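Engineer: mmCIF, C-alpha atoms, file input02.cif:
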```cif
data_upload
#
loop_
_atom_site.label_atom_id
_atom_site.label_comp_id
_atom_site.auth_asym_id
_atom_site.auth_seq_id
_atom_site.Cartn_x
_atom_site.Cartn_y
_atom_site.Cartn_z
CA MET A 1 20.49 -7.86 -8.52
CA SER A 2 20.08 -7.95 -12.23
CA SER A 3 18.00 -5.20 -13.73
CA THR A 4 14.46 -5.79 -14.93
CA PRO A 5 12.33 -3.78 -17.34
CA ASN A 6 10.92 -0.64 -15.75
CA LEU A 7 7.19 -1.13 -15.24
CA THR A 8 4.64 1.56 -14.58
CA ALA A 9 2.72 1.28 -11.32
CA ALA A 10 -0.31 0.04 -13.24
CA GLU A 11 1.73 -2.67 -15.00
CA HIS A 12 3.50 -3.74 -11.80
CA PHE A 13 0.32 -4.10 -9.77
CA SER A 14 -1.62 -5.72 -12.59
CA LYS A 15 1.08 -8.41 -12.74
CA SER A 16 1.05 -8.97 -8.99
CA ALA A 17 -2.72 -8.64 -8.47
CA GLU A 18 -3.68 -12.29 -8.10
CA ASN A 19 -1.37 -12.97 -5.16
CA TYR A 20 -1.05 -9.46 -3.74
CA GLU A 21 -2.46 -10.04 -0.26
CA ALA A 22 -0.66 -13.35 0.21
CA THR A 23 2.72 -12.08 -0.95
CA THR A 24 2.59 -8.97 1.24
CA GLY A 25 2.11 -11.03 4.38
CA GLY A 26 -0.92 -9.10 5.58
CA ALA A 27 0.98 -5.85 6.20
CA PRO A 28 -1.18 -3.58 3.97
CA ARG A 29 -4.37 -4.88 5.61
CA GLU A 30 -2.97 -4.41 9.10
CA LEU A 31 -1.94 -0.84 8.27
CA ALA A 32 -5.34 -0.12 6.70
CA GLN A 33 -7.13 -1.31 9.84
CA HIS A 34 -5.16 1.17 11.96
CA ALA A 35 -5.80 3.96 9.44
CA ILE A 36 -9.55 3.35 9.28
CA SER A 37 -9.75 3.38 13.08
CA LEU A 38 -8.05 6.79 13.19
CA LEU A 39 -10.27 8.10 10.41
CA ALA A 40 -13.45 6.92 12.10
CA GLY A 41 -12.31 8.53 15.35
CA LEU A 42 -12.47 11.94 13.68
CA LYS A 43 -15.60 11.28 11.58
CA PRO A 44 -17.47 8.00 12.18
CA LEU A 45 -18.21 5.73 9.24
CA THR A 46 -21.91 4.95 8.76
CA SER A 47 -24.12 3.43 6.09
CA GLU A 48 -24.82 7.01 4.96
CA SER A 49 -21.14 7.71 4.27
CA LYS A 50 -19.84 8.13 0.75
CA ILE A 51 -16.33 6.69 0.60
CA LEU A 52 -13.45 6.74 -1.86
CA ASP A 53 -11.17 3.70 -1.68
CA ASN A 54 -8.38 5.31 -3.70
CA ALA A 55 -5.64 3.10 -5.23
CA CYS A 56 -7.82 0.29 -3.91
CA GLY A 57 -5.78 -2.66 -5.11
CA THR A 58 -7.77 -5.84 -4.53
CA GLY A 59 -10.17 -4.01 -2.22
CA ILE A 60 -8.58 -4.44 1.21
CA VAL A 61 -9.97 -1.15 2.56
CA THR A 62 -13.43 -1.81 1.16
CA ASP A 63 -13.43 -5.30 2.68
CA ILE A 64 -12.51 -3.97 6.13
CA ILE A 65 -15.32 -1.41 5.99
CA LEU A 66 -17.92 -3.95 4.89
CA GLN A 67 -16.82 -6.39 7.59
CA SER A 68 -17.66 -3.73 10.17
CA GLY A 69 -21.32 -4.31 9.31
CA ILE A 70 -22.18 -1.02 7.60
CA GLN A 71 -23.17 -0.68 3.93
CA PRO A 72 -22.05 2.75 2.71
CA GLU A 73 -21.60 3.81 -0.89
CA ILE A 74 -17.98 2.96 -1.77
CA HIS A 75 -16.11 3.84 -4.94
CA ALA A 76 -13.06 1.56 -5.20
CA VAL A 77 -10.69 2.80 -7.90
CA ASP A 78 -7.24 1.78 -9.08
CA CYS A 79 -5.07 2.27 -12.16
CA ALA A 80 -4.28 -1.47 -12.35
CA GLU A 81 -7.02 -3.24 -14.31
CA ASN A 82 -6.31 -6.70 -12.88
CA MET A 83 -6.58 -5.35 -9.35
CA VAL A 84 -9.95 -3.79 -10.14
CA ASN A 85 -11.17 -7.00 -11.77
CA ILE A 86 -10.41 -8.88 -8.56
CA ALA A 87 -12.19 -6.23 -6.50
CA ARG A 88 -15.17 -6.32 -8.87
CA GLY A 89 -15.54 -10.07 -8.42
CA ARG A 90 -14.95 -9.87 -4.70
CA PHE A 91 -17.76 -7.38 -4.14
CA SER A 92 -20.18 -8.52 -6.85
CA SER A 93 -22.87 -9.16 -4.23
CA HIS A 94 -22.58 -5.61 -2.87
CA PRO A 95 -24.49 -3.15 -5.10
CA ASN A 96 -23.22 -0.30 -2.92
CA VAL A 97 -19.60 -0.96 -4.02
CA HIS A 98 -18.52 0.50 -7.36
CA PRO A 99 -15.09 -0.65 -8.58
CA ALA A 100 -13.56 1.22 -11.53
CA VAL A 101 -10.26 1.53 -13.37
CA MET A 102 -9.12 5.08 -12.66
CA THR A 103 -5.86 6.83 -11.89
CA GLY A 104 -5.48 8.79 -8.69
CA GLU A 105 -4.36 11.80 -10.70
CA GLU A 106 -7.56 11.89 -12.78
CA LEU A 107 -10.51 11.08 -10.53
CA SER A 108 -13.71 11.36 -12.52
CA PHE A 109 -15.85 12.49 -9.59
CA PRO A 110 -17.36 15.93 -9.01
CA ASP A 111 -15.91 18.32 -6.46
CA ASP A 112 -16.94 17.80 -2.82
CA THR A 113 -18.12 14.19 -3.36
CA PHE A 114 -16.77 12.07 -0.50
CA THR A 115 -17.35 12.15 3.24
CA HIS A 116 -14.32 9.86 3.64
CA SER A 117 -11.33 9.39 1.35
CA ILE A 118 -8.82 6.59 1.98
CA THR A 119 -5.56 6.17 0.08
CA ASN A 120 -3.75 3.17 1.56
CA LEU A 121 -0.18 2.75 0.28
CA GLY A 122 -1.01 4.46 -3.00
CA ILE A 123 0.16 8.05 -3.21
CA MET A 124 3.85 7.16 -3.49
CA PHE A 125 3.09 5.13 -6.62
CA PHE A 126 1.24 7.94 -8.40
CA THR A 127 3.00 9.23 -11.50
CA ASP A 128 2.31 12.73 -10.18
CA ALA A 129 1.81 12.59 -6.41
CA ASP A 130 1.13 16.33 -6.12
CA LYS A 131 -1.68 16.07 -8.65
CA GLY A 132 -3.03 12.97 -6.93
CA ALA A 133 -3.10 14.80 -3.61
CA ARG A 134 -4.97 17.71 -5.22
CA GLU A 135 -7.54 15.23 -6.52
CA ILE A 136 -8.00 13.86 -2.99
CA ALA A 137 -8.63 17.41 -1.76
CA ARG A 138 -10.88 18.35 -4.67
CA THR A 139 -13.19 15.35 -4.33
CA LEU A 140 -13.39 15.54 -0.53
CA HIS A 141 -16.49 17.15 0.94
CA PRO A 142 -15.69 20.36 2.87
CA ASP A 143 -16.66 18.52 6.06
CA GLY A 144 -15.01 15.29 4.95
CA VAL A 145 -11.94 13.49 6.27
CA ALA A 146 -9.11 11.89 4.30
CA VAL A 147 -6.52 9.38 5.41
CA VAL A 148 -3.30 8.63 3.54
CA THR A 149 -0.79 5.95 4.51
CA GLY A 150 2.78 5.11 3.61
CA TRP A 151 5.88 3.41 4.96
CA ALA A 152 8.41 4.94 7.36
CA MET A 153 10.59 1.83 7.59
CA ARG A 154 10.65 -1.20 5.30
CA GLY A 155 12.82 -3.82 6.96
CA PRO A 156 12.06 -6.63 4.47
CA PHE A 157 13.60 -4.68 1.58
CA LYS A 158 16.80 -4.27 3.54
CA ILE A 159 16.94 -8.04 3.97
CA VAL A 160 16.60 -8.55 0.21
CA GLN A 161 19.52 -6.17 -0.27
CA GLU A 162 21.57 -8.06 2.31
CA VAL A 163 20.90 -11.35 0.55
CA GLN A 164 22.00 -9.85 -2.73
CA ALA A 165 25.19 -8.54 -1.15
CA GLN A 166 26.05 -12.02 0.07
CA VAL A 167 25.21 -13.91 -3.12
CA ARG A 168 26.29 -11.32 -5.73
CA PRO A 169 28.29 -8.65 -3.93
CA ASP A 170 29.43 -6.96 -7.15
CA ASP A 171 25.93 -6.34 -8.53
CA THR A 172 24.22 -2.96 -8.40
CA PRO A 173 22.16 -2.90 -5.19
CA PHE A 174 18.49 -3.71 -5.51
CA LYS A 175 16.39 -0.53 -5.46
CA ARG A 176 13.02 0.00 -3.86
CA PRO A 177 10.15 0.53 -6.32
CA VAL A 178 9.66 4.08 -5.02
CA SER A 179 12.01 6.83 -3.90
CA ASP A 180 13.30 6.74 -0.32
CA ILE A 181 11.94 10.27 0.10
CA TRP A 182 8.55 8.68 0.81
CA LEU A 183 10.01 7.10 3.96
CA ASP A 184 10.16 10.60 5.45
CA PRO A 185 6.75 11.51 6.94
CA GLU A 186 7.53 15.20 6.48
CA HIS A 187 7.59 14.71 2.71
CA THR A 188 4.08 13.26 2.68
CA LYS A 189 2.86 16.05 4.95
CA ALA A 190 4.30 18.61 2.56
CA VAL A 191 2.60 17.00 -0.44
CA LEU A 192 -0.77 16.96 1.34
CA SER A 193 -0.38 20.52 2.59
CA GLY A 194 0.53 21.74 -0.88
CA ALA A 195 -2.66 20.18 -2.18
CA GLY A 196 -4.88 22.11 0.23
CA LEU A 197 -5.17 19.51 2.99
CA ASP A 198 -4.54 20.22 6.68
CA VAL A 199 -3.05 17.21 8.48
CA HIS A 200 -4.97 17.02 11.76
CA ALA A 201 -3.21 13.90 13.05
CA SER A 202 -0.26 11.78 12.06
CA THR A 203 1.32 8.75 13.63
CA THR A 204 3.48 5.74 12.96
CA VAL A 205 2.50 2.17 13.70
CA ASP A 206 4.34 -1.12 13.54
CA VAL A 207 2.82 -3.84 11.37
CA HIS A 208 4.20 -7.14 10.11
CA MET A 209 4.91 -9.01 6.92
CA GLY A 210 3.85 -12.23 8.53
CA GLY A 211 3.18 -15.91 8.22
CA GLU A 212 2.83 -19.03 10.30
CA THR A 213 6.58 -19.67 10.36
CA ALA A 214 9.79 -17.75 9.75
CA ASP A 215 10.57 -20.00 6.78
CA GLY A 216 7.17 -19.13 5.31
CA VAL A 217 8.00 -15.43 5.55
CA ALA A 218 11.39 -16.09 3.96
CA ASP A 219 9.61 -17.81 1.08
CA LEU A 220 7.49 -14.68 0.56
CA LEU A 221 10.61 -12.54 0.33
CA THR A 222 12.29 -15.00 -2.01
CA LYS A 223 9.26 -14.85 -4.31
CA PHE A 224 9.40 -11.06 -4.17
CA ALA A 225 13.05 -11.18 -5.26
CA SER A 226 12.48 -13.84 -7.91
CA LYS A 227 11.60 -11.33 -10.65
CA THR A 228 14.97 -9.66 -10.28
CA ILE A 229 17.03 -12.85 -10.22
CA VAL A 230 15.32 -14.62 -13.10
CA SER A 231 18.58 -14.79 -15.09
CA TRP A 232 20.66 -16.05 -12.17
CA SER A 233 21.98 -19.60 -12.13
CA GLU A 234 20.06 -22.30 -10.27
CA GLU A 235 22.91 -22.52 -7.80
CA GLU A 236 22.64 -18.81 -7.07
CA LYS A 237 18.87 -19.01 -6.68
CA GLU A 238 19.26 -21.85 -4.20
CA LYS A 239 21.78 -19.75 -2.31
CA VAL A 240 19.31 -16.85 -2.21
CA ALA A 241 16.67 -19.07 -0.61
CA GLU A 242 19.20 -20.45 1.88
CA VAL A 243 20.54 -17.06 2.95
CA MET A 244 17.03 -15.57 3.08
CA LYS A 245 15.87 -18.26 5.50
CA LYS A 246 18.90 -17.77 7.72
CA ILE A 247 18.40 -14.01 8.03
CA VAL A 248 14.62 -14.17 8.48
CA ARG A 249 14.92 -16.83 11.18
CA GLU A 250 17.18 -14.46 13.10
CA ARG A 251 14.94 -11.40 12.74
CA ALA A 252 11.35 -12.63 12.67
CA VAL A 253 9.34 -11.68 15.76
CA PRO A 254 6.03 -12.98 17.11
CA PHE A 255 2.94 -10.83 16.65
CA THR A 256 -0.79 -10.89 17.22
CA ARG A 257 -3.31 -9.04 15.03
CA SER A 258 -7.03 -9.29 14.40
CA SER A 259 -6.59 -12.21 11.99
CA GLY A 260 -4.53 -14.19 14.51
CA SER A 261 -0.96 -14.77 15.64
CA GLY A 262 2.18 -15.57 13.73
CA VAL A 263 5.76 -14.50 13.17
CA GLY A 264 6.93 -11.78 10.85
CA LEU A 265 9.22 -8.95 9.91
CA LYS A 266 8.40 -5.53 11.28
CA LEU A 267 7.49 -2.64 9.02
CA THR A 268 6.66 0.83 10.28
CA GLY A 269 3.72 2.51 8.61
CA SER A 270 2.83 6.21 8.55
CA ILE A 271 -0.76 7.41 8.82
CA PHE A 272 -1.93 10.94 8.02
CA VAL A 273 -5.48 12.10 8.75
CA ALA A 274 -6.44 15.33 7.00
CA ARG A 275 -9.29 17.71 6.27
CA ARG A 276 -9.72 20.28 3.54
CA ALA A 277 -7.90 23.47 4.41
CA SER A 278 -10.06 26.54 4.80
CA GLY A 279 -10.25 28.56 1.64
CA ARG A 280 -9.73 27.47 -1.95
CA VAL A 281 -8.54 23.98 -2.86
CA PRO A 282 -5.80 24.13 -5.53
CA ALA A 283 -7.17 23.45 -9.00
CA LYS A 284 -6.13 20.51 -11.13
#
```
What does this structure look like when you write it as structure tokens?
Structural biologist:
Amino acid sequence: MSSTPNLTAAEHFSKSAENYEATTGGAPRELAQHAISLLAGLKPLTSESKILDNACGTGIVTDIILQSGIQPEIHAVDCAENMVNIARGRFSSHPNVHPAVMTGEELSFPDDTFTHSITNLGIMFFTDADKGAREIARTLHPDGVAVVTGWAMRGPFKIVQEVQAQVRPDDTPFKRPVSDIWLDPEHTKAVLSGAGLDVHASTTVDVHMGGETADGVADLLTKFASKTIVSWSEEEKEKVAEVMKKIVRERAVPFTRSSGSGVGLKLTGSIFVARRASGRVPAK
């Protein structure tokens, strides 16, 4: 697909903020729900908890926690200003929620602040993931628990690449926004370990980029690809939509999650639950 200007993570997510949850087909929320359940199994969440929603986006993690009925102190931070603005409006009636524009590599909280630290689909977008992981460790209370999530398999991106190959086979293949190294759970474990975090549990879980119909899911993927095919001819764009629908119809599977049933494309998420390692946490 044709190249587009390289955007920083903050710029990319600020541009996509308004429609983020809709265009991701509910997959980040589904993954976050699994992650929060694992986290709470090791250290229950209560109204007395002090929580970091790190790389919070539009506030999916915070929303899940509040829907559970507790009212803890939550600091929801993200480098993308538009994302934080949405979160700020979303939780304006919750004085216990404190949204702020802040990078994961430069958290402005004291050491040992949070009982729970949640970084859902964020660490791989940090400019310096090692530094971001050290900040998670530094701001985590010695008795606290952190959870970090990522992807182990991203089927929808492969479909976008297949569509490109059929419509413009001579173009440079579309590249994922982050390095494939983050698809390897061992890489994330190594980053967390190097930051002074002991991974107590890790698992993979299947979630879905979903919708009511396969064609609806195909439309989501076509919109995702639209930024990279903006200079293509109308005939080529129509072909993209046609081929996308054909492939998604063949591969979409039924699913049921807490928000209801639908059809979607499977993604495999990775979840890492960690505590501060004994001894000194690496400095910034």
Engineer: Residues proximal to (-2.6, -0.7, -6.6) were defined as those with any atom within 6 Å of that point in the file's coordinates, counting only C-alpha atoms. Which are they, as a CSV table (one decimal) with C-alpha atoms, in the frame of the given file?
Structural biologist:
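Written file, part.csv:
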```csv
chain,number,residue,atom,x,y,z
A,13,PHE,CA,0.3,-4.1,-9.8
A,55,ALA,CA,-5.6,3.1,-5.2
A,56,CYS,CA,-7.8,0.3,-3.9
A,57,GLY,CA,-5.8,-2.7,-5.1
A,78,ASP,CA,-7.2,1.8,-9.1
```
Engineer: Dig up all the protein and nucleic acid residues within 12 Å of (1.1, 10.3, 17.3) in the file frame, using only C-alpha atoms, and format them as a list in words.
Structural biologist: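 Using only C-alpha atoms, the matching residues come out as Leu38, Pro185, Val199, His200, Ala201, Ser202, Thr203, Thr204, Val205, Gly269, Ser270, Ile271, Phe272 and Val273 of chain A.
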Engineer: Take CA of Val84 (chain A) and CA of Met102 (chain A) and report the distance between them in Å, one decimal.
Structural biologist: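 Between CA of Val84 (chain A) and CA of Met102 (chain A) the gap works out to 9.3 Å.
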Engineer: Run the PyMOL selection byres ((chain A and resi 234-244) around 9) on the file and write out the hits as a PyMOL selection string.
Structural biologist: chain A and resi 159-160+162-164+166-168+215+218-219+221-222+225-226+229-230+232-233+245-249
Engineer: Convert the output of the PyMOL selection byres ((chain A and resi 253) around 9) on the shown file into explicit residues, formatted as a list in words.
Structural biologist: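 For this structure, the PyMOL selection byres ((chain A and resi 253) around 9) resolves to His208, Ala214, Arg249, Glu250, Arg251, Ala252, Pro254, Phe255, Gly262, Val263, Gly264, Leu265 and Lys266 of chain A.
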Engineer: Can you list, as an MDAnalysis selection string, every protein, DNA or RNA residue that comes within 9 Å of Thr127 (chain A) when you count all atoms listed in the file, leaving out same-chain residues fewer than 2 positions away?
Structural biologist: chainID A and resid 8:9 104:105 123:125 129 131:132
Engineer: Just so the selection is clear, what residues does the PyMOL selection byres ((chain A and resi 121) around 7) cover here, as number ranges by chain?
Structural biologist: A: 119-120, 122-123, 149-150
Engineer: Using all atoms listed in the file, pick whichever of A:Arg29, A:His94, A:His116, A:Lys158 has the shortest atom-to-atom distance to His141 (chain A).
Structural biologist: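 Under the stated criterion, the closest residue is A:His116.
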Engineer: What would region 45-60 of chain A look like with N, CA and C atoms restored, written as a compact mmCIF listing (two decimals), in the coordinates of the input?
Structural biologist:
```txt
# COMPACT_ATOMS: atom_id res chain seq x y z
N LEU A 45 -17.70 6.33 10.47
CA LEU A 45 -18.21 5.73 9.24
C LEU A 45 -19.59 5.15 9.51
N THR A 46 -20.54 5.46 8.63
CA THR A 46 -21.91 4.95 8.76
C THR A 46 -22.38 4.47 7.40
N SER A 47 -23.55 3.88 7.36
CA SER A 47 -24.12 3.43 6.09
C SER A 47 -24.50 4.61 5.20
N GLU A 48 -24.52 5.81 5.75
CA GLU A 48 -24.82 7.01 4.96
C GLU A 48 -23.55 7.66 4.40
N SER A 49 -22.40 7.14 4.76
CA SER A 49 -21.14 7.71 4.27
C SER A 49 -20.97 7.46 2.78
N LYS A 50 -20.20 8.31 2.15
CA LYS A 50 -19.84 8.13 0.75
C LYS A 50 -18.31 8.11 0.71
N ILE A 51 -17.75 6.95 0.36
CA ILE A 51 -16.33 6.69 0.60
C ILE A 51 -15.57 6.46 -0.69
N LEU A 52 -14.39 7.03 -0.77
CA LEU A 52 -13.45 6.74 -1.86
C LEU A 52 -12.37 5.80 -1.33
N ASP A 53 -12.28 4.62 -1.92
CA ASP A 53 -11.17 3.70 -1.68
C ASP A 53 -10.21 3.92 -2.85
N ASN A 54 -9.26 4.80 -2.65
CA ASN A 54 -8.38 5.31 -3.70
C ASN A 54 -7.14 4.42 -3.81
N ALA A 55 -6.73 4.07 -5.04
CA ALA A 55 -5.64 3.10 -5.23
C ALA A 55 -6.00 1.84 -4.45
N CYS A 56 -7.18 1.32 -4.74
CA CYS A 56 -7.82 0.29 -3.91
C CYS A 56 -7.15 -1.07 -3.96
N GLY A 57 -6.35 -1.33 -4.98
CA GLY A 57 -5.78 -2.66 -5.11
C GLY A 57 -6.87 -3.70 -5.24
N THR A 58 -6.77 -4.77 -4.47
CA THR A 58 -7.77 -5.84 -4.53
C THR A 58 -8.98 -5.56 -3.65
N GLY A 59 -9.00 -4.39 -3.01
CA GLY A 59 -10.17 -4.01 -2.22
C GLY A 59 -10.02 -4.26 -0.73
N ILE A 60 -8.81 -4.19 -0.22
CA ILE A 60 -8.58 -4.44 1.21
C ILE A 60 -9.37 -3.46 2.08
```
